[in-house]
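Report on one structure; see the data block that follows.
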Amino acid sequence: MNKTILFAFFFVQNLIFAQFSERSLSPERWQFRNSKEEQWLPAKIPGTVHLDLMSNKIIPDPFRDENEKKVQWVENEDWDYRTEFTVSPEELKNRNINLVFCGLDTFSEIYLNGKLLMKTDNMFRKWVIPVKEYLKSGHNLLYIKFKSAVVTGKELAAKVPFTMPESPRSFVRKAQYQFGWDWGPRLVTAGIWKDVKLEFWNSARFENVQVEQKSLSEQKADLDLHAAITADNEGTYTVLINEKLGTVHLKKGKNTIRLPFTIEKPKLWQPNGWGDPYLYDINISLQKGTKVLSNERVRIGLRTIELVQEKDAKGKTFYFRVNGNPLYIKGTNWIPADSFSPAVAKEKYRQLIKDAKEAHMNMIRVWGGGIYEDDEFYKACDENGILVWQDFMFAGSFYPADDAFLNNVKEEVKDQASRLRNHPSIALWCGNNEVDEAIVNWGYQKQFKYSEQDSLQVWKDYRKVFHELIPNTLKEQLTPEKNIYWPSSPSIGWGHRESLTEGDSHYWGVWWGEQPFGIYNEKVGRFMSEYGFQGMPSLETTKTMFSGTPDLDLQSPVIKAHEKHARGWDIIGVYMKRDYNVPADFIGYNYISQLLQARGMQIAIEAHRRAKPYNMGTLYWQLNDCWPVVSWSSIDYSGNRKALHYQIKRSFEPQAVLMEEKDGMLSFYAVNDDLTKFQDVHLEVHVVRFNGEIIKKINIDGKGRTLKDNLKIGTFPLKDLIPDTDKNDVFLKLAASDGKGRIIARNHYFLTKPKDLKLPKPDIRIRMISPTEIGISTDVLAKDVYLLGGTHFSDNFFDLLPKTTKKIRLSKPLEKIEVMSLWDTMQEH
């Protein structure tokens with residue numbers, strides 16, 4: 001490697017046409033076939049074999065009916081893809097021509113004009129093959145043979161002397177969720193899942209550019225651009241960065257050069273809620289004489305981020321300091337947005353990230369059982385101020401550590417780190433999801449009768465991959481300020497006391513442990529990176545489970561097939577009976593299941609936020625779905641917001657007034673996530689009957705009280721607020737304000753479970769304000785108002801207070817809007 005430092009720049013006015021070009025082969029006429037058969041059929045690239053089989057009407061849509069069972073044969077077959085493309089004499093004159101596969105799933109052999117070029121074994125790697133000598137003017141045949149990942153995985157698993165859990169998925173570098181999860185179908189696919197292209201270049205070209213932030217102040221940002229350049233010939237070249245030009249000497253072969261660059265009076269990239277996520281475009285051009293040889297465009301954000309872990313009296317902190325200030329993390333976990341990733345449109349990525357932003361989120365964790373997401377995902381996070389906790393793609397199993405596997409993973413890490421490292425949204429790299437916990441807590445060693453030597457080998461392999469290989473590779477690929485690494489999420493399993501005093505925590509005592517929602521008030525860790533509860537998807541999405549007329553019945557085999565957790569319906573039923581009257585009709589059950597999910601997550605999030613700054617992060621499981629399903633998501637597969645998502649938006653408000661009921665006492669907290677402090681915080685509490693009658697008022701004077709992070713405003717004996725006999729007939733209405741009389745936050749609080757509330761029948765009225773706005777009012781409390789109409793509502797599943805009107809925006813005009821409330825589900829009881 002030749003390292004040349006460029007010190008001097010001067011201005012240049014004109015650019016010449018580039019000597020580098022590329023063209024996609026994806027739009028060419030592609031065909032595919034089962035390797036056992038002769039007939040070739042049309043295929044679409046990027047794609048998967050399942051999508052191609054569906055478009056050719058060979059298999060039914062596995063998302064509908066019980067069709068998942070009917071397509072399981074696909075995973076055991078080998079599949080061939082081919083296309084014929086032309087290369088012009090002019091294109092062949094280029095000195096260098098590369099064939100680039102951005103994603104092949106997974107075990108393949110690549111042939112060009114009958115010549116075997118390469119064998120691949122990793123879905124997550126980019127494959128670049130010099131092909132000038134194999135191309136010919138005119139027609140060229142490209143042929144890719146895919147072997148079954150399941151069959152190949154079993155062959156690899158058989159070489160290990162003990163049984164590995166979740167075999168064969170842990171032996172193949174492939175999206176692990178394709179093998180089935182408790183929210184996703186088993187659809188182990190194959191194919192060319194990302195773009196295929198030809199690259200033409202001469203003399204020299206950029207391989208990649210990494211931007212290092214050396215220093216950042218209000219006056220300037222000092223950057224180093226580390227450019228990897230491949231040159232055909234040694235010589236002096238010029239490099240243009242935006243409008244500044246300088247010279248650099250390159251040796252033949254690979255070079256790494258450092259290019260200093262300064263931005264005066266920089267604007268910071270701020271996370272959502274703190275300001276504008278400002279982005280800078282840096283355009284870099286490599287020239288020789290009057291010819292532009294190669295161009296790169298890098299979009300960056302200027303910010304600082306640290307993961308702070310410091311010992312304290314209760315354990316060890318775990319929080320992110322962004323631009324010099326502690327940031328309370330509010331967000332979610334992300335799974336792939338489809339079982340067939342090429343089917344996800346850019347618009348879907350952007351809408352889901354927009355939904356997260358509007359719900360006041362500032363971080364998304366990309367879960368380790370899916371994929372390294374599409375560039376569009378990270379661009380959307382950059383532009384919306386959403387930080388990304390990026391898992392590497394390992395989840396809930398044991399993984400081998402032989403030389404071939406380690407070398408494969410090393411190249412995977414290099415490819416993904418170099419692709420993603422310039423995104424300002426990337427906050428943390430995490431080795432895996434729940435692999436440490438699987439080894440320590442899940443009892444696989446006992447289940448499969450491991451010897452002491454086998455168990456020791458599993459732990460040695462784990463450390464090789466996640467404590468040595470991945471962090472060491474990241475050090476090679478990343479500049480120090482971009483290299484925050486965490487070996488495993490969670491760091492300690494939820495059954496251990498230390499999981500709540502240090503590191504990040506996945507708390508599953510609710511759901512898996514069937515503990516009541518109230519346990520969330522006790523199980524609060526330093527950073528809650530997973531917790532959740534299932535709810536049904538919207539009625540609109542539920543109907544898409546059927547290819548014909550929907551059978552909306554809980555006993556429908558189709559409905560049952562779209563719940564992938566073995567005990568999912570039973571667990572939902574247990575919790576529903578605790579807190580709600582269980583409706584007999586499907587629409588009512590669907591509605592209550594969503595309210596149940598939202599209620600559980602509200603209790604969890606409010607407990608986490610009340611504990612600030614002991615707790616500094618809450619990421620619920622999960623934002624989205626990969627197919628129509630009963631799951632932990634807040635937004636279902638069709639993009640409909642469930643009751644949970646509307647509640648998340650309320651629970652993640654930047655300022656909140658929260659209650660804690662414990663040992664007969666009721667405590668009031670004000671929580672603030674902004675950088676602004678609030679002075680003289682005052683709280684007004686009204687005890688209100690469901691008909692709107694105020695029976696008691698309490699004012700807590702806030703003079704001298706400053707709200708910076710978390711302020712405990714006051715504690716009262718519950719019996720002094722309301723007699724026990726009236727708990728079912730009243731609610732608390734709260735408003736926090738500052739010394740200037742500005743309302744900081746509002747909330748209301750019920751003193752008993754929903755099923756015990758003595759709700760009066762509300763007279764809910766809807767008035768059209770405009771084609772896309774309504775006003776909705778009630779005479780008495782209407783709890784959990786549910787608007788139905790096949791559109792997105794700006795708010796839904798909300799409590800409508802007595803004698804009030806609420807304005808709701810509609811995503812499109814509707815002829816008819818139906819409405820129900822919790823009262824409607826209580827009449828049969």
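Chain lettering (A, B, ...) mirrors the order of the structure tokens, residue numbering begins at 1 for each chain separately, and ligand numbering begins at 1 in order of display.
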Each residue of range 213-233 of chain A with at least one atom at most 8 Å from range 241-263 of chain A should appear once, together with its nearest atom pair and the corresponding distance in Å (one decimal); atoms considered: only C-alpha atoms; ordering: chain, then increasing residue number; output as CSV.
```
residue,atom,partner,partner_atom,distance
A:Lys220,CA,A:Ile263,CA,5.5
A:Ala221,CA,A:Ile263,CA,5.1
A:Asp222,CA,A:Thr262,CA,4.8
A:Leu223,CA,A:Phe261,CA,5.1
A:Asp224,CA,A:Pro260,CA,4.4
A:Leu225,CA,A:Leu259,CA,4.8
A:His226,CA,A:Arg258,CA,4.7
A:Ala227,CA,A:Ile257,CA,5.3
A:Ala228,CA,A:Thr256,CA,4.6
A:Ile229,CA,A:Asn255,CA,5.1
A:Thr230,CA,A:Lys254,CA,4.5
A:Ala231,CA,A:Lys252,CA,5.1
A:Asp232,CA,A:Lys252,CA,5.4
A:Asn233,CA,A:Lys252,CA,4.8
```
Using only C-alpha atoms, I'd like a table of the residues in range 476-539 of chain A that come within 12 Å of range 304-313 of chain A; for each, show the closest atom pair and its distance in Å rounded to one decimal, ordered by chain and ascending number, as a tab-separated table.
```
residue	atom	partner	partner_atom	distance
A:Pro480	CA	A:Glu306	CA	10.9
A:Glu481	CA	A:Thr304	CA	7.7
A:Lys482	CA	A:Ile305	CA	8.4
A:Asn483	CA	A:Glu306	CA	9.7
A:Ile484	CA	A:Leu307	CA	7.1
A:Tyr485	CA	A:Leu307	CA	9.2
A:Trp486	CA	A:Leu307	CA	9.6
A:Thr501	CA	A:Asp312	CA	9.7
A:Glu502	CA	A:Gln309	CA	8.4
A:Gly503	CA	A:Gln309	CA	8.1
A:Asp504	CA	A:Gln309	CA	10.9
A:Arg526	CA	A:Gln309	CA	10.1
A:Phe527	CA	A:Gln309	CA	11.2
```
Residues just named, written with N, CA, C and O atoms as a PDB file, in the first residue's frame:
```pdb
ATOM      1  N   PRO A 480     -11.348   5.346  14.505  1.00  0.00           N
ATOM      2  CA  PRO A 480     -11.720   5.142  15.918  1.00  0.00           C
ATOM      3  C   PRO A 480     -13.072   5.722  16.315  1.00  0.00           C
ATOM      4  O   PRO A 480     -13.820   5.104  17.080  1.00  0.00           O
ATOM      5  N   GLU A 481     -13.424   6.898  15.799  1.00  0.00           N
ATOM      6  CA  GLU A 481     -14.668   7.526  16.259  1.00  0.00           C
ATOM      7  C   GLU A 481     -15.907   6.806  15.738  1.00  0.00           C
ATOM      8  O   GLU A 481     -17.019   7.061  16.201  1.00  0.00           O
ATOM      9  N   LYS A 482     -15.728   5.882  14.791  1.00  0.00           N
ATOM     10  CA  LYS A 482     -16.868   5.144  14.244  1.00  0.00           C
ATOM     11  C   LYS A 482     -16.903   3.696  14.723  1.00  0.00           C
ATOM     12  O   LYS A 482     -17.722   2.911  14.261  1.00  0.00           O
ATOM     13  N   ASN A 483     -16.026   3.361  15.641  1.00  0.00           N
ATOM     14  CA  ASN A 483     -15.902   1.962  16.046  1.00  0.00           C
ATOM     15  C   ASN A 483     -16.335   1.778  17.498  1.00  0.00           C
ATOM     16  O   ASN A 483     -15.520   1.701  18.411  1.00  0.00           O
ATOM     17  N   ILE A 484     -17.641   1.726  17.709  1.00  0.00           N
ATOM     18  CA  ILE A 484     -18.189   1.372  19.012  1.00  0.00           C
ATOM     19  C   ILE A 484     -18.750  -0.040  18.877  1.00  0.00           C
ATOM     20  O   ILE A 484     -19.698  -0.262  18.124  1.00  0.00           O
ATOM     21  N   TYR A 485     -18.152  -0.982  19.582  1.00  0.00           N
ATOM     22  CA  TYR A 485     -18.505  -2.396  19.408  1.00  0.00           C
ATOM     23  C   TYR A 485     -19.001  -2.979  20.726  1.00  0.00           C
ATOM     24  O   TYR A 485     -18.443  -2.717  21.787  1.00  0.00           O
ATOM     25  N   TRP A 486     -20.050  -3.778  20.616  1.00  0.00           N
ATOM     26  CA  TRP A 486     -20.669  -4.458  21.749  1.00  0.00           C
ATOM     27  C   TRP A 486     -20.820  -5.925  21.353  1.00  0.00           C
ATOM     28  O   TRP A 486     -21.463  -6.227  20.351  1.00  0.00           O
ATOM     29  N   THR A 501     -28.492  -4.199  36.236  1.00  0.00           N
ATOM     30  CA  THR A 501     -27.587  -3.224  36.847  1.00  0.00           C
ATOM     31  C   THR A 501     -26.457  -2.787  35.922  1.00  0.00           C
ATOM     32  O   THR A 501     -25.743  -1.837  36.226  1.00  0.00           O
ATOM     33  N   GLU A 502     -26.295  -3.480  34.773  1.00  0.00           N
ATOM     34  CA  GLU A 502     -25.244  -3.100  33.822  1.00  0.00           C
ATOM     35  C   GLU A 502     -25.597  -3.623  32.431  1.00  0.00           C
ATOM     36  O   GLU A 502     -26.443  -4.506  32.267  1.00  0.00           O
ATOM     37  N   GLY A 503     -24.937  -3.064  31.421  1.00  0.00           N
ATOM     38  CA  GLY A 503     -25.125  -3.537  30.057  1.00  0.00           C
ATOM     39  C   GLY A 503     -26.517  -3.284  29.528  1.00  0.00           C
ATOM     40  O   GLY A 503     -27.271  -2.447  30.024  1.00  0.00           O
ATOM     41  N   ASP A 504     -26.866  -4.018  28.460  1.00  0.00           N
ATOM     42  CA  ASP A 504     -28.213  -3.929  27.896  1.00  0.00           C
ATOM     43  C   ASP A 504     -28.986  -5.179  28.278  1.00  0.00           C
ATOM     44  O   ASP A 504     -28.413  -6.239  28.526  1.00  0.00           O
ATOM     45  N   ARG A 526     -30.449  -0.841  32.902  1.00  0.00           N
ATOM     46  CA  ARG A 526     -29.767   0.390  32.490  1.00  0.00           C
ATOM     47  C   ARG A 526     -30.123   0.767  31.050  1.00  0.00           C
ATOM     48  O   ARG A 526     -30.178   1.945  30.691  1.00  0.00           O
ATOM     49  N   PHE A 527     -30.359  -0.254  30.203  1.00  0.00           N
ATOM     50  CA  PHE A 527     -30.733  -0.016  28.811  1.00  0.00           C
ATOM     51  C   PHE A 527     -31.545  -1.218  28.361  1.00  0.00           C
ATOM     52  O   PHE A 527     -31.028  -2.326  28.255  1.00  0.00           O
TER      53      PHE A 527
END
```
Going by DSSP on the backbone, which residues of range 653-689 of chain A come out as strand (DSSP E)? List them as a JSON list (two decimals) with N, CA, C and O atoms, in the first residue's frame.
```json
[["chain", "number", "residue", "atom", "x", "y", "z"],
["A", 655, "GLN", "N", -41.66, 15.48, 26.51],
["A", 655, "GLN", "CA", -41.94, 15.73, 27.92],
["A", 655, "GLN", "C", -43.17, 14.92, 28.32],
["A", 655, "GLN", "O", -44.13, 14.81, 27.55],
["A", 656, "ALA", "N", -43.12, 14.36, 29.50],
["A", 656, "ALA", "CA", -44.23, 13.53, 29.96],
["A", 656, "ALA", "C", -44.43, 13.71, 31.45],
["A", 656, "ALA", "O", -43.47, 13.96, 32.20],
["A", 657, "VAL", "N", -45.68, 13.59, 31.87],
["A", 657, "VAL", "CA", -45.99, 13.53, 33.29],
["A", 657, "VAL", "C", -46.49, 12.11, 33.55],
["A", 657, "VAL", "O", -47.44, 11.64, 32.91],
["A", 658, "LEU", "N", -45.82, 11.41, 34.46],
["A", 658, "LEU", "CA", -46.04, 9.98, 34.66],
["A", 658, "LEU", "C", -46.38, 9.68, 36.11],
["A", 658, "LEU", "O", -45.98, 10.42, 37.03],
["A", 659, "MET", "N", -47.09, 8.58, 36.32],
["A", 659, "MET", "CA", -47.52, 8.19, 37.65],
["A", 659, "MET", "C", -46.91, 6.84, 38.03],
["A", 659, "MET", "O", -46.69, 5.99, 37.18],
["A", 660, "GLU", "N", -46.69, 6.67, 39.34],
["A", 660, "GLU", "CA", -46.28, 5.36, 39.87],
["A", 660, "GLU", "C", -47.13, 5.05, 41.09],
["A", 660, "GLU", "O", -47.17, 5.84, 42.05],
["A", 661, "GLU", "N", -47.82, 3.93, 41.03],
["A", 661, "GLU", "CA", -48.68, 3.50, 42.13],
["A", 661, "GLU", "C", -47.99, 2.35, 42.85],
["A", 661, "GLU", "O", -47.71, 1.30, 42.26],
["A", 662, "LYS", "N", -47.70, 2.54, 44.17],
["A", 662, "LYS", "CA", -46.95, 1.53, 44.91],
["A", 662, "LYS", "C", -47.24, 1.65, 46.40],
["A", 662, "LYS", "O", -47.17, 2.74, 46.97],
["A", 665, "MET", "N", -49.41, 4.34, 47.73],
["A", 665, "MET", "CA", -48.99, 5.71, 47.46],
["A", 665, "MET", "C", -48.98, 5.96, 45.94],
["A", 665, "MET", "O", -48.70, 5.05, 45.16],
["A", 666, "LEU", "N", -49.27, 7.18, 45.57],
["A", 666, "LEU", "CA", -49.25, 7.57, 44.17],
["A", 666, "LEU", "C", -48.24, 8.70, 44.01],
["A", 666, "LEU", "O", -48.37, 9.76, 44.63],
["A", 667, "SER", "N", -47.19, 8.43, 43.18],
["A", 667, "SER", "CA", -46.14, 9.43, 42.95],
["A", 667, "SER", "C", -46.25, 9.99, 41.55],
["A", 667, "SER", "O", -46.62, 9.28, 40.60],
["A", 668, "PHE", "N", -45.90, 11.27, 41.41],
["A", 668, "PHE", "CA", -45.99, 11.98, 40.14],
["A", 668, "PHE", "C", -44.59, 12.40, 39.70],
["A", 668, "PHE", "O", -43.82, 12.94, 40.49],
["A", 669, "TYR", "N", -44.29, 12.12, 38.43],
["A", 669, "TYR", "CA", -42.97, 12.45, 37.87],
["A", 669, "TYR", "C", -43.15, 13.29, 36.61],
["A", 669, "TYR", "O", -44.07, 13.06, 35.82],
["A", 670, "ALA", "N", -42.25, 14.22, 36.42],
["A", 670, "ALA", "CA", -42.13, 14.92, 35.15],
["A", 670, "ALA", "C", -40.81, 14.50, 34.52],
["A", 670, "ALA", "O", -39.77, 14.48, 35.18],
["A", 671, "VAL", "N", -40.86, 14.12, 33.25],
["A", 671, "VAL", "CA", -39.68, 13.63, 32.54],
["A", 671, "VAL", "C", -39.45, 14.49, 31.31],
["A", 671, "VAL", "O", -40.40, 14.85, 30.60],
["A", 672, "ASN", "N", -38.19, 14.82, 31.07],
["A", 672, "ASN", "CA", -37.83, 15.71, 29.96],
["A", 672, "ASN", "C", -36.66, 15.11, 29.19],
["A", 672, "ASN", "O", -35.62, 14.79, 29.77],
["A", 678, "PHE", "N", -36.71, 23.26, 32.17],
["A", 678, "PHE", "CA", -37.96, 23.95, 32.50],
["A", 678, "PHE", "C", -37.92, 24.36, 33.97],
["A", 678, "PHE", "O", -37.61, 23.55, 34.85],
["A", 679, "GLN", "N", -38.24, 25.63, 34.22],
["A", 679, "GLN", "CA", -38.16, 26.18, 35.57],
["A", 679, "GLN", "C", -39.55, 26.23, 36.22],
["A", 679, "GLN", "O", -40.56, 26.39, 35.54],
["A", 682, "HIS", "N", -44.93, 23.11, 37.73],
["A", 682, "HIS", "CA", -46.16, 23.03, 38.52],
["A", 682, "HIS", "C", -47.02, 21.88, 38.01],
["A", 682, "HIS", "O", -47.05, 21.61, 36.81],
["A", 683, "LEU", "N", -47.72, 21.19, 38.91],
["A", 683, "LEU", "CA", -48.59, 20.08, 38.50],
["A", 683, "LEU", "C", -50.00, 20.32, 39.03],
["A", 683, "LEU", "O", -50.21, 20.66, 40.19],
["A", 684, "GLU", "N", -50.96, 20.14, 38.13],
["A", 684, "GLU", "CA", -52.37, 20.23, 38.49],
["A", 684, "GLU", "C", -53.01, 18.87, 38.29],
["A", 684, "GLU", "O", -52.91, 18.28, 37.22],
["A", 685, "VAL", "N", -53.66, 18.35, 39.35],
["A", 685, "VAL", "CA", -54.29, 17.04, 39.30],
["A", 685, "VAL", "C", -55.79, 17.21, 39.56],
["A", 685, "VAL", "O", -56.18, 17.80, 40.57],
["A", 686, "HIS", "N", -56.60, 16.69, 38.63],
["A", 686, "HIS", "CA", -58.05, 16.69, 38.81],
["A", 686, "HIS", "C", -58.53, 15.26, 38.94],
["A", 686, "HIS", "O", -58.14, 14.40, 38.15],
["A", 687, "VAL", "N", -59.35, 15.01, 39.95],
["A", 687, "VAL", "CA", -60.04, 13.72, 40.06],
["A", 687, "VAL", "C", -61.40, 13.90, 39.38],
["A", 687, "VAL", "O", -62.21, 14.73, 39.81],
["A", 688, "VAL", "N", -61.63, 13.13, 38.30],
["A", 688, "VAL", "CA", -62.77, 13.38, 37.42],
["A", 688, "VAL", "C", -63.64, 12.12, 37.31],
["A", 688, "VAL", "O", -63.13, 11.02, 37.09],
["A", 689, "ARG", "N", -64.93, 12.32, 37.45],
["A", 689, "ARG", "CA", -65.85, 11.21, 37.18],
["A", 689, "ARG", "C", -65.98, 11.03, 35.67],
["A", 689, "ARG", "O", -65.68, 11.93, 34.88]]
```
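Residue nearest Lys288 in chain A within the list A:Asn408, A:Glu155, A:Val574, A:Gln19: A:Gln19 [criterion: smallest interatomic distance, only C-alpha atoms].
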d(CA of Glu28 in chain A, CA of Thr83 in chain A) in Å: 6.8 Å
If we count only C-alpha atoms and set the cut-off at 12 Å, which residues sit around Lys460 in chain A, ignoring sequence neighbours fewer than 2 positions away in its own chain? Please answer as a list in words. Phe398, Tyr399, Pro400, Ala401, Asp402, Asp436, Ile439, Gln453, Asp454, Ser455, Leu456, Gln457, Val458, Tyr462, Arg463, Lys464, Val465, Phe466, His467 and Glu468 of chain A
Among range 437-531 of chain A, which ones does DSSP place in helix (DSSP H, G or I), written as a VMD selection string? chain A and resid 437 to 441 444 to 447 452 to 477 480 to 482 497 to 500 517 to 521
Of the candidates A:Asp724, A:Asp709, A:Glu218, A:Glu540, which shows the shortest atom-to-atom distance to Lys265 in chain A, using only C-alpha atoms? A:Glu218
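CA of Leu116 in chain A lies 19.1 Å from CA of Val87 in chain A.
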I'd like the neighbourhood of Ser418 in chain A as a list of chain:residue names, where a residue qualifies if any of its atoms comes within 10 Å (using only C-alpha atoms), though same-chain residues fewer than 2 positions away should be ignored. A:Asn208, A:Val209, A:Gln210, A:Val413, A:Lys414, A:Asp415, A:Gln416, A:Leu420, A:Arg421, A:Asn422, A:Leu474, A:Gln477, A:Leu478
I want to know what sits within 12 Å of range 54-60 of chain A, based on only C-alpha atoms, with residues of the same chain fewer than 4 positions away left out; could you give that as a VMD selection string? chain A and resid 31 to 34 40 to 44 47 to 50 64 to 74 340 546 to 547
Using the selection just defined, write its residues with C-alpha atoms as an mmCIF file, in the first residue's frame.
```cif
data_model
loop_
_atom_site.group_PDB
_atom_site.id
_atom_site.type_symbol
_atom_site.label_atom_id
_atom_site.label_comp_id
_atom_site.auth_asym_id
_atom_site.auth_seq_id
_atom_site.Cartn_x
_atom_site.Cartn_y
_atom_site.Cartn_z
ATOM 1 C CA GLN A 31 -34.586 -17.075 -16.917
ATOM 2 C CA PHE A 32 -34.579 -19.710 -14.192
ATOM 3 C CA ARG A 33 -35.341 -23.390 -13.741
ATOM 4 C CA ASN A 34 -35.241 -26.249 -11.291
ATOM 5 C CA TRP A 40 -36.567 -22.354 -18.509
ATOM 6 C CA LEU A 41 -39.028 -19.768 -17.199
ATOM 7 C CA PRO A 42 -38.933 -15.950 -16.972
ATOM 8 C CA ALA A 43 -37.252 -14.507 -13.863
ATOM 9 C CA LYS A 44 -36.921 -11.054 -12.358
ATOM 10 C CA GLY A 47 -35.474 -11.395 -6.790
ATOM 11 C CA THR A 48 -35.792 -14.794 -5.164
ATOM 12 C CA VAL A 49 -36.794 -18.183 -6.455
ATOM 13 C CA HIS A 50 -40.074 -18.047 -4.508
ATOM 14 C CA ARG A 64 -52.040 -16.483 2.099
ATOM 15 C CA ASP A 65 -54.191 -19.296 3.462
ATOM 16 C CA GLU A 66 -52.036 -22.198 4.708
ATOM 17 C CA ASN A 67 -49.849 -22.072 1.633
ATOM 18 C CA GLU A 68 -46.606 -21.873 3.599
ATOM 19 C CA LYS A 69 -46.871 -25.648 4.074
ATOM 20 C CA LYS A 70 -47.288 -26.202 0.331
ATOM 21 C CA VAL A 71 -44.001 -24.537 -0.660
ATOM 22 C CA GLN A 72 -41.565 -26.204 1.734
ATOM 23 C CA TRP A 73 -40.232 -28.415 -1.081
ATOM 24 C CA VAL A 74 -38.592 -25.366 -2.683
ATOM 25 C CA PHE A 340 -38.550 -11.781 0.323
ATOM 26 C CA PHE A 546 -56.983 -15.199 2.766
ATOM 27 C CA SER A 547 -56.969 -15.708 -0.993
#
```
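Distances to Gln176 in chain A were evaluated for A:Leu327, A:Ile335, A:Val409, A:Leu293 using only C-alpha atoms, and the minimum falls at A:Ile335.
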Neighbour list for Gln555 in chain A as a PyMOL selection string, cut-off 12 Å, only C-alpha atoms, skip fewer than 3 positions in-chain: chain A and resi 551-552+558-563+569+584-586
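Of note, CA of Asp281 in chain A and CA of Arg299 in chain A are spaced 4.6 Å apart.
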